[in-house]
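Chemist: Structure incoming, see below.
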Amino acid sequence: MKLYKKLSKGLLEAHPEDAARVLEGLPEEDTLAVLAATPAPVAAETLRRMAIHRAASLLAKLERPRAAAIVETLTPDVATNVLRRMDVEARDALVGDLNDVARRALTTLLQFPEGTAGSMMDPTVLALPADLTAEQSQAHLRASPEQMRYNLYVLDREHVLVGVLNLRELFLARRKDLLGAIANRNVLSIQARADRHAVLTHPAWSDAHSIPVVDAKGVYLGAIRYRTLRRLEEELREGRADGAASTAGALGDLFSTGIASVFGAMATSIVQPFPGDPKRDS
């Protein structure tokens, strides 16, 4: 592996925001080459910091397996935000190439208008029936550790949200305790059609790591995670409430010359994807 390829990967990992600005200033074909040759998680971290229309354009022009690998690494709300800027035909084709979990999550999110709580939630945040025992719930979590979050939401058999408990409370419970008996019934939720302002100012953020999203009947749909709140706050501070990264201003002295030349050199010489991408479902 050539030194500048190692250097480019290191810069993308260590300074994704600065790298995003540099890549936005390169010819599109060079940026595509860098993204194609970089591990998907690293490429995703850089892509999500680019101007959103630029990110959408790049995703649409990458080879679909590579684009799918990147989208699967993005958080669902960020991926949805980018996909909305793509041509519908290209977006649907890309979504069709995703693994089952990502495809189901993004298909759900794309049903809600942009800027609503439903479009920002993570549909994979776990919820379990109230009549399961603590022992059964623990077994479920051990079998699906990727679904573990700080909070576990509790539903009735009509999928209506009835309570919440954290993982510590679950694993300290007696084996035969029912979730419905140990859950906190005073759970604050937000309607899927609520707007961005309602998300930002929701009172549950004072002591919660996530907020459950429900429909008009109280049916649980997913949860907005704290990192999404932080992203919204950052966008508000930077005056880019539409989710687009700022493209104004000159590149910093450090990145305007040397770093850009590293990426340019990488783009002209790399033709094979970087090894180490996560395995993808067929």
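Residues in the structure tokens are named by chain (A, B, ... in the order shown) and by number from 1 within that chain; ligands are numbered from 1 in the order shown.
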Mind dumping a table of every range 98-194 of chain A residue within 10 Å of range 199-213 of chain A, with the nearest atom pair and its distance in Å to one decimal, using only C-alpha atoms, sorted by chain and rising number, as a tab-separated table?
Modeler:
```
residue	atom	partner	partner_atom	distance
A:Gly115	CA	A:Val199	CA	9.5
A:Thr116	CA	A:Val199	CA	8.3
A:Ala117	CA	A:Val199	CA	6.5
A:Gly118	CA	A:Val213	CA	6.8
A:Met120	CA	A:Val199	CA	9.2
A:Met121	CA	A:Val213	CA	7.1
A:Asp122	CA	A:Val213	CA	9.2
A:Pro123	CA	A:Val213	CA	9.0
A:Val125	CA	A:Pro212	CA	8.9
A:Ala127	CA	A:Pro212	CA	9.8
A:Arg149	CA	A:His209	CA	9.2
A:Tyr150	CA	A:His209	CA	7.0
A:Asn151	CA	A:Ser210	CA	7.4
A:Leu152	CA	A:Pro212	CA	10.0
A:Tyr153	CA	A:Pro212	CA	7.8
A:Leu161	CA	A:Pro212	CA	8.4
A:Val164	CA	A:Pro212	CA	9.3
A:Asn166	CA	A:His209	CA	9.9
A:Val187	CA	A:Pro212	CA	8.5
A:Leu188	CA	A:Ala204	CA	6.2
A:Ser189	CA	A:Pro212	CA	4.9
A:Ile190	CA	A:Val213	CA	5.0
A:Gln191	CA	A:Val213	CA	5.8
A:Ala192	CA	A:Val213	CA	5.6
A:Arg193	CA	A:Val213	CA	9.3
A:Ala194	CA	A:Val199	CA	7.2
```
Chemist: Using only C-alpha atoms, tabulate the residues of range 5-100 of chain A lying at most 12 Å from any atom of range 232-235 of chain A, each with its closest atom pair and that distance in Å to one decimal, by chain and increasing residue number, as CSV.
Modeler:
```
residue,atom,partner,partner_atom,distance
A:Arg49,CA,A:Glu235,CA,11.1
A:Ala51,CA,A:Glu235,CA,11.9
A:Asp77,CA,A:Leu232,CA,10.9
A:Val78,CA,A:Leu232,CA,10.8
```
Chemist: Could you give me, as an MDAnalysis selection string, each residue of range 44-270 of chain A that DSSP assigns to helix (DSSP H, G or I) when run on this structure's backbone?
Modeler: chainID A and resid 44:47 52:61 64:73 76:83 88:96 100:109 117:120 134:143 145:147 167:172 179:182 196:200 203:206 226:237 253:269
Chemist: Suppose we keep C-alpha atoms; can you now write the selection as a CSV table (one decimal), in the first residue's frame?
Modeler:
```csv
chain,number,residue,atom,x,y,z
A,44,ALA,CA,-19.6,7.5,5.6
A,45,GLU,CA,-18.3,9.8,8.3
A,46,THR,CA,-16.8,12.1,5.7
A,47,LEU,CA,-19.8,12.0,3.4
A,52,ILE,CA,-26.2,17.4,1.5
A,53,HIS,CA,-26.9,17.8,-2.2
A,54,ARG,CA,-23.2,17.1,-3.0
A,55,ALA,CA,-23.4,13.9,-0.8
A,56,ALA,CA,-26.5,12.8,-2.6
A,57,SER,CA,-24.9,13.4,-6.0
A,58,LEU,CA,-21.9,11.4,-5.1
A,59,LEU,CA,-23.9,8.5,-3.7
A,60,ALA,CA,-25.9,8.3,-6.9
A,61,LYS,CA,-22.7,8.1,-9.0
A,64,ARG,CA,-24.3,0.7,-6.2
A,65,PRO,CA,-22.6,-2.0,-4.0
A,66,ARG,CA,-20.2,0.7,-2.7
A,67,ALA,CA,-23.0,3.2,-2.2
A,68,ALA,CA,-25.0,0.6,-0.3
A,69,ALA,CA,-22.1,-0.2,2.0
A,70,ILE,CA,-21.8,3.5,2.9
A,71,VAL,CA,-25.5,4.0,3.4
A,72,GLU,CA,-25.7,1.0,5.7
A,73,THR,CA,-23.0,2.6,7.9
A,76,PRO,CA,-30.9,6.0,9.7
A,77,ASP,CA,-31.8,9.7,10.0
A,78,VAL,CA,-28.7,10.9,8.2
A,79,ALA,CA,-29.1,8.3,5.5
A,80,THR,CA,-32.7,9.4,5.0
A,81,ASN,CA,-31.8,13.0,4.8
A,82,VAL,CA,-29.3,12.3,2.0
A,83,LEU,CA,-31.6,9.8,0.1
A,88,VAL,CA,-36.4,8.8,-7.0
A,89,GLU,CA,-35.5,6.1,-9.4
A,90,ALA,CA,-31.8,6.1,-8.3
A,91,ARG,CA,-32.9,6.2,-4.6
A,92,ASP,CA,-35.3,3.3,-4.9
A,93,ALA,CA,-32.6,1.2,-6.7
A,94,LEU,CA,-30.1,2.0,-4.0
A,95,VAL,CA,-32.5,1.2,-1.2
A,96,GLY,CA,-33.3,-2.1,-2.9
A,100,ASP,CA,-32.8,-6.2,5.2
A,101,VAL,CA,-32.4,-4.1,8.4
A,102,ALA,CA,-31.3,-0.9,6.6
A,103,ARG,CA,-33.9,-1.3,3.9
A,104,ARG,CA,-36.8,-1.7,6.3
A,105,ALA,CA,-35.6,1.2,8.4
A,106,LEU,CA,-35.1,3.6,5.6
A,107,THR,CA,-38.3,2.6,3.8
A,108,THR,CA,-40.2,3.5,7.0
A,109,LEU,CA,-38.4,6.8,7.5
A,117,ALA,CA,-40.1,13.4,14.3
A,118,GLY,CA,-40.9,10.3,12.2
A,119,SER,CA,-38.2,11.2,9.7
A,120,MET,CA,-35.6,11.5,12.4
A,134,ALA,CA,-37.2,-10.3,32.5
A,135,GLU,CA,-35.4,-13.6,31.7
A,136,GLN,CA,-37.1,-13.8,28.3
A,137,SER,CA,-36.2,-10.2,27.5
A,138,GLN,CA,-32.6,-10.7,28.5
A,139,ALA,CA,-32.4,-13.7,26.3
A,140,HIS,CA,-33.7,-11.7,23.4
A,141,LEU,CA,-31.1,-9.0,23.9
A,142,ARG,CA,-28.3,-11.5,24.1
A,143,ALA,CA,-29.5,-13.0,20.8
A,145,PRO,CA,-26.9,-7.5,20.8
A,146,GLU,CA,-27.0,-5.0,17.9
A,147,GLN,CA,-30.4,-3.9,19.1
A,167,LEU,CA,-31.0,-2.0,30.7
A,168,ARG,CA,-29.6,-1.8,34.3
A,169,GLU,CA,-33.2,-2.1,35.6
A,170,LEU,CA,-33.8,-5.1,33.3
A,171,PHE,CA,-30.8,-7.0,34.3
A,172,LEU,CA,-31.3,-6.4,38.1
A,179,LEU,CA,-41.7,-6.1,31.8
A,180,GLY,CA,-45.1,-4.5,32.4
A,181,ALA,CA,-44.6,-4.7,36.1
A,182,ILE,CA,-41.1,-3.3,36.3
A,196,ARG,CA,-38.3,19.9,14.4
A,197,HIS,CA,-39.0,22.6,17.0
A,198,ALA,CA,-41.0,20.1,19.1
A,199,VAL,CA,-38.2,17.6,18.9
A,200,LEU,CA,-35.6,20.1,20.0
A,203,PRO,CA,-39.1,18.0,28.0
A,204,ALA,CA,-38.0,14.4,28.0
A,205,TRP,CA,-34.4,15.4,27.0
A,206,SER,CA,-33.8,16.6,30.5
A,226,TYR,CA,-29.7,11.7,21.7
A,227,ARG,CA,-27.1,11.9,19.0
A,228,THR,CA,-29.8,13.1,16.6
A,229,LEU,CA,-30.7,15.8,19.0
A,230,ARG,CA,-27.0,16.9,19.1
A,231,ARG,CA,-27.0,17.0,15.3
A,232,LEU,CA,-30.1,19.1,15.2
A,233,GLU,CA,-28.6,21.5,17.7
A,234,GLU,CA,-25.4,21.7,15.7
A,235,GLU,CA,-27.3,22.5,12.5
A,236,LEU,CA,-29.2,25.2,14.3
A,237,ARG,CA,-26.0,26.8,15.7
A,253,ASP,CA,-4.2,26.8,5.2
A,254,LEU,CA,-3.4,23.2,6.3
A,255,PHE,CA,-5.9,21.6,4.0
A,256,SER,CA,-6.0,23.8,1.0
A,257,THR,CA,-2.7,22.6,-0.5
A,258,GLY,CA,-1.0,19.6,1.0
A,259,ILE,CA,-4.0,17.6,2.0
A,260,ALA,CA,-5.9,18.2,-1.2
A,261,SER,CA,-2.8,17.0,-3.2
A,262,VAL,CA,-2.8,13.8,-1.1
A,263,PHE,CA,-6.4,13.1,-2.0
A,264,GLY,CA,-5.7,14.0,-5.6
A,265,ALA,CA,-2.8,11.6,-5.8
A,266,MET,CA,-4.9,8.9,-4.2
A,267,ALA,CA,-7.7,9.4,-6.6
A,268,THR,CA,-5.5,9.1,-9.7
A,269,SER,CA,-3.9,5.8,-8.6
```
Chemist: Interatomic distance between CA of Ala37 in chain A and CA of Thr75 in chain A?
Modeler: 21.1 Å
Chemist: Rounded to one decimal in Å, what is the spacing between CA of Asn186 in chain A and CA of Glu114 in chain A?
Modeler: 28.7 Å
Chemist: By how many Å are CA of Val22 in chain A and CA of Leu98 in chain A apart?
Modeler: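 Between these atoms lies a distance of 28.4 Å.
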Chemist: Given the choices A:Leu26, A:Met148, A:Leu11, A:Met50, which gets closest to Thr38 in chain A if the distance is worked out from only C-alpha atoms?
Modeler: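 Among the listed residues, A:Leu11 lies closest to Thr38 in chain A.
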